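The structure under discussion appears below in the form of structure tokens.
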Amino acid sequence: MPLVTTKEMFKKAYDGGYAIGAFNVNNMEIVQGITEAAREVNAPLILQVSKGARAYANHTYLVKLVEAAVIECPNIPIALHLDHGPDFETCKSCIDGGFTSVMIDASSKPFAENIEITKKVVEYAHDHGVVVEAELGTLAGIEDDVKVAAHAASYTRPEEVEEFVSKTGCDSLAIAIGTSHGAYKFTADQCTRNEKGVLVPPPLRFDVLEEVSKRLPGFPIVLHGSSSVPQEFVKMINDNGGKMPDAVGIPEEQLRKAAAMAVCKINIDSDLRLAMTGTIRQFFNEHPDKFDPREYLKPARANIKELVKHKLINVLGCDGKAL
Ligand code: G3H
Ligand code: 13P
Ligand code: ZN
């Protein structure tokens with residue numbers, strides 16, 4: 001089947017109490033690892049491309065890689081989404097260039113300006129059969145070249161969501177309930193430590209999610225910054241010459257709980273980066289004489305695939321939902 005929008009997948013996910021995985025893609029091995037996992041467990045998929053990914057790999061290469069995945073996975077609905085579109089021009093370029101979904105992220109702007117920019121993108125996108133994700137509230141962490149300190153982050157204000165959605169016409173809404181971008185989601189002072197000395201992050205604000213979904217019945221909610229930062233990959237990195245002390249993510253049980261509520265799309269990027277980097281570091285440590293990129297990218301791709309399978313089945317609950 002050709003690339004699809006997220007409209008139908010979100011409706012089914014909302015009604016079925018699961019979420020669609022949105023994974024960032026930057027090169028061929030990442031596209032292959034994710035899509036092979038989805039094909040094996042029969043899961044719908046969102047492949048997303050950031051401004052940084054377009055700058056790194058080039059728009060055309062990324063679109064063609066995703067089109068190749070669509071050919072290889074004919075039974076799986078796949079949407080191609082712009083992640084954190086910074087302005088109208090970037091969204092327009094992706095809408096004109098084959099994407100089926102875009103995010104306009106004007107969440108750092110004042111409320112009225114966020115509405116104005118989002119509405120302009122929605123009008124253009126809808127005229128071209130493309131859906132739009134918008135954002136209200138500010139996540140902490142790093143996305144592209146924007147770094148938001150924990151103290152500058154702010155939860156979404158539920159009392160603003162109805163006006164925002166009705167005035168902009170957006171198709172889904174990313175909200176801030178305590179998730180954060182990157183592999184260092186929380187400072188040590190924001191966490192407690194368990195008996196093994198491992199950092200335990202503060203719980204997500206499910207009260208905010210509940211209030212938002214009460215005000216927007218049936219409307220798809222999106223969570224960004226939802227990597228769980230698997231400690232096995234942090235250890236693999238640290239055991240093989242890396243230095244990532246106190247990297248901490250969102251506990252997977254909390255993401256599963258959100259997926260069963262109004263959250264229909266969960267963004268995961270950092271976990272895939274950790275899996276790839278850990279695997280490659282370990283490979284070079286064990287094989288210092290090797291220099292063929294295929295030899296170290298092959299196990300990295302295999303570990304991405306296994307990780308994505310785990311997420312699709314145990315965190316998102318979207319396995320078997322492709323048809
Ligand atoms: O939220 C941001 C995503 O993880 C994409 O990261 O801007 O480094 O491609 P990037
Ligand atoms: P993570 O950094 O938690 O993987 O978040 C990714 C994301 O939100 C992409 O938009
Ligand atoms: Zn994000």
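Ligands are numbered from 1 in the order shown, chains are lettered A, B, ... in the order of the structure tokens, and residues start at 1 in each chain.
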Dump as CSV the rows for residues of chain A within 7 Å of ligand 2: closest atom pair and distance in Å with one decimal, only C-alpha atoms and all ligand atoms counted, ordered by chain and rising residue number.
residue,atom,partner,partner_atom_place_in_ligand_line,distance
A:Asn24,CA,ligand 2,9 (C),6.6
A:Asp83,CA,ligand 2,10 (O),5.6
A:His84,CA,ligand 2,10 (O),6.4
A:Ser180,CA,ligand 2,3 (O),6.1
A:His181,CA,ligand 2,2 (O),3.8
A:Gly182,CA,ligand 2,2 (O),3.6
A:Ala183,CA,ligand 2,2 (O),6.2
A:His224,CA,ligand 2,8 (O),3.5
A:Gly225,CA,ligand 2,5 (O),3.2
A:Ser226,CA,ligand 2,3 (O),4.0
A:Ser227,CA,ligand 2,3 (O),3.7
A:Asn267,CA,ligand 2,8 (O),4.7
A:Ile268,CA,ligand 2,4 (O),3.9
A:Asp269,CA,ligand 2,4 (O),3.4
A:Ser270,CA,ligand 2,4 (O),3.7
A:Asp271,CA,ligand 2,4 (O),5.8
Kindly assemble as CSV a list of the chain A residues that lie within 12 Å of ligand 3, each paired with its nearest atom pair and their distance in Å to one decimal, using only C-alpha atoms and all ligand atoms, sorted first by chain and then by ascending residue number.
residue,atom,partner,partner_atom_place_in_ligand_line,distance
A:Ala22,CA,ligand 3,1 (Zn),9.9
A:Phe23,CA,ligand 3,1 (Zn),10.2
A:Asn24,CA,ligand 3,1 (Zn),9.5
A:Gln48,CA,ligand 3,1 (Zn),10.1
A:Val49,CA,ligand 3,1 (Zn),10.6
A:Ser50,CA,ligand 3,1 (Zn),8.9
A:Lys51,CA,ligand 3,1 (Zn),11.4
A:His81,CA,ligand 3,1 (Zn),11.9
A:Leu82,CA,ligand 3,1 (Zn),10.5
A:Asp83,CA,ligand 3,1 (Zn),6.7
A:His84,CA,ligand 3,1 (Zn),6.3
A:Gly85,CA,ligand 3,1 (Zn),10.1
A:Pro86,CA,ligand 3,1 (Zn),11.7
A:Met103,CA,ligand 3,1 (Zn),9.7
A:Ile104,CA,ligand 3,1 (Zn),11.2
A:Asp105,CA,ligand 3,1 (Zn),9.2
A:Ser107,CA,ligand 3,1 (Zn),11.4
A:Glu133,CA,ligand 3,1 (Zn),11.3
A:Ala134,CA,ligand 3,1 (Zn),11.1
A:Glu135,CA,ligand 3,1 (Zn),9.8
A:Thr138,CA,ligand 3,1 (Zn),10.3
A:Leu139,CA,ligand 3,1 (Zn),8.2
A:Ala140,CA,ligand 3,1 (Zn),10.0
A:Gly141,CA,ligand 3,1 (Zn),9.3
A:Ile142,CA,ligand 3,1 (Zn),8.7
A:Glu143,CA,ligand 3,1 (Zn),6.4
A:Asp144,CA,ligand 3,1 (Zn),9.1
A:Val146,CA,ligand 3,1 (Zn),10.9
A:Lys147,CA,ligand 3,1 (Zn),11.7
A:Val148,CA,ligand 3,1 (Zn),11.9
A:Ala174,CA,ligand 3,1 (Zn),8.8
A:Ile175,CA,ligand 3,1 (Zn),10.4
A:Ala176,CA,ligand 3,1 (Zn),10.4
A:Thr179,CA,ligand 3,1 (Zn),9.6
A:Ser180,CA,ligand 3,1 (Zn),8.2
A:His181,CA,ligand 3,1 (Zn),6.3
A:Gly182,CA,ligand 3,1 (Zn),9.0
A:Val222,CA,ligand 3,1 (Zn),9.6
A:Leu223,CA,ligand 3,1 (Zn),7.9
A:His224,CA,ligand 3,1 (Zn),4.3
A:Gly225,CA,ligand 3,1 (Zn),5.4
A:Ser226,CA,ligand 3,1 (Zn),8.4
A:Ser227,CA,ligand 3,1 (Zn),10.2
A:Lys265,CA,ligand 3,1 (Zn),11.2
A:Ile266,CA,ligand 3,1 (Zn),9.4
A:Asn267,CA,ligand 3,1 (Zn),6.5
A:Ile268,CA,ligand 3,1 (Zn),8.3
A:Asp269,CA,ligand 3,1 (Zn),8.5
A:Ser270,CA,ligand 3,1 (Zn),10.2
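Among the candidate residues A:Lys298, A:Leu274, A:Ala262, A:Leu216, the one lying nearest to ligand 1 is A:Leu274, with distances computed using only C-alpha atoms and all ligand atoms.
Computed from the coordinates, the CA of Phe284 (chain A) to CA of Ile30 (chain A) distance equals 19.3 Å.
Checking A:Lys290, A:Met28, A:Gly320, A:Val248 one by one against Thr192 (chain A), counting only C-alpha atoms, you find the shortest gap at A:Val248.
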- May I have the residues within 12 Å of Asp15 (chain A) as a PyMOL selection string, using only C-alpha atoms and disregarding those fewer than 2 positions away in the same chain? chain A and resi 8-13+17-19+217-220+259-264+321
- Residues at most 9 Å from Lys167 (chain A), counting only C-alpha atoms, excluding those fewer than 2 positions away in the same chain, as a ChimeraX atom specification? /A:115-116,119,162-165,169-170
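Within the 8 Å cut-off around Ile237 (chain A), using only C-alpha atoms and omitting residues fewer than 6 positions from it on the same chain, the listed residues are A:Lys243, A:Met244, A:Leu274, A:Thr277, A:Gly278, A:Thr279, A:Arg281, A:Gln282.
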Output for the residues just chosen: all heavy atoms as an mmCIF file, in the first residue's frame:
data_model
loop_
_atom_site.group_PDB
_atom_site.id
_atom_site.type_symbol
_atom_site.label_atom_id
_atom_site.label_comp_id
_atom_site.auth_asym_id
_atom_site.auth_seq_id
_atom_site.Cartn_x
_atom_site.Cartn_y
_atom_site.Cartn_z
ATOM 1 N N LYS A 243 31.118 7.301 27.911
ATOM 2 C CA LYS A 243 30.978 7.964 29.208
ATOM 3 C C LYS A 243 29.597 8.606 29.255
ATOM 4 O O LYS A 243 29.416 9.731 28.790
ATOM 5 C CB LYS A 243 32.066 9.023 29.333
ATOM 6 C CG LYS A 243 32.447 9.345 30.750
ATOM 7 C CD LYS A 243 33.675 10.205 30.775
ATOM 8 C CE LYS A 243 34.068 10.522 32.199
ATOM 9 N NZ LYS A 243 35.174 11.494 32.228
ATOM 10 N N MET A 244 28.615 7.874 29.740
ATOM 11 C CA MET A 244 27.258 8.415 29.841
ATOM 12 C C MET A 244 26.719 8.164 31.253
ATOM 13 O O MET A 244 25.788 7.375 31.437
ATOM 14 C CB MET A 244 26.348 7.759 28.791
ATOM 15 C CG MET A 244 26.755 8.061 27.361
ATOM 16 S SD MET A 244 25.500 7.546 26.159
ATOM 17 C CE MET A 244 24.165 8.699 26.480
ATOM 18 N N LEU A 274 21.094 4.909 21.215
ATOM 19 C CA LEU A 274 21.881 4.191 22.238
ATOM 20 C C LEU A 274 22.177 2.766 21.773
ATOM 21 O O LEU A 274 23.300 2.269 21.929
ATOM 22 C CB LEU A 274 21.114 4.148 23.566
ATOM 23 C CG LEU A 274 20.957 5.489 24.286
ATOM 24 C CD1 LEU A 274 19.903 5.390 25.379
ATOM 25 C CD2 LEU A 274 22.277 5.961 24.870
ATOM 26 N N THR A 277 24.832 2.954 18.905
ATOM 27 C CA THR A 277 26.158 3.363 19.379
ATOM 28 C C THR A 277 26.771 2.291 20.274
ATOM 29 O O THR A 277 27.965 1.966 20.155
ATOM 30 C CB THR A 277 26.041 4.706 20.135
ATOM 31 O OG1 THR A 277 25.506 5.660 19.227
ATOM 32 C CG2 THR A 277 27.379 5.193 20.645
ATOM 33 N N GLY A 278 25.968 1.726 21.181
ATOM 34 C CA GLY A 278 26.487 0.679 22.080
ATOM 35 C C GLY A 278 26.989 -0.516 21.289
ATOM 36 O O GLY A 278 28.078 -1.053 21.560
ATOM 37 N N THR A 279 26.202 -0.917 20.291
ATOM 38 C CA THR A 279 26.580 -2.096 19.501
ATOM 39 C C THR A 279 27.871 -1.845 18.727
ATOM 40 O O THR A 279 28.760 -2.709 18.664
ATOM 41 C CB THR A 279 25.440 -2.435 18.509
ATOM 42 O OG1 THR A 279 24.209 -2.484 19.227
ATOM 43 C CG2 THR A 279 25.684 -3.763 17.835
ATOM 44 N N ARG A 281 30.232 0.415 19.408
ATOM 45 C CA ARG A 281 31.370 0.520 20.357
ATOM 46 C C ARG A 281 31.847 -0.877 20.769
ATOM 47 O O ARG A 281 33.044 -1.153 20.800
ATOM 48 C CB ARG A 281 30.935 1.274 21.616
ATOM 49 C CG ARG A 281 31.026 2.768 21.503
ATOM 50 C CD ARG A 281 30.868 3.404 22.889
ATOM 51 N NE ARG A 281 31.007 4.829 22.831
ATOM 52 C CZ ARG A 281 32.163 5.485 22.800
ATOM 53 N NH1 ARG A 281 33.304 4.821 22.825
ATOM 54 N NH2 ARG A 281 32.194 6.798 22.760
ATOM 55 N N GLN A 282 30.880 -1.735 21.097
ATOM 56 C CA GLN A 282 31.252 -3.091 21.527
ATOM 57 C C GLN A 282 31.958 -3.843 20.391
ATOM 58 O O GLN A 282 32.962 -4.519 20.606
ATOM 59 C CB GLN A 282 30.002 -3.850 21.964
ATOM 60 C CG GLN A 282 30.327 -5.203 22.575
ATOM 61 C CD GLN A 282 29.057 -5.910 23.023
ATOM 62 O OE1 GLN A 282 28.101 -6.078 22.267
ATOM 63 N NE2 GLN A 282 29.034 -6.310 24.263
#
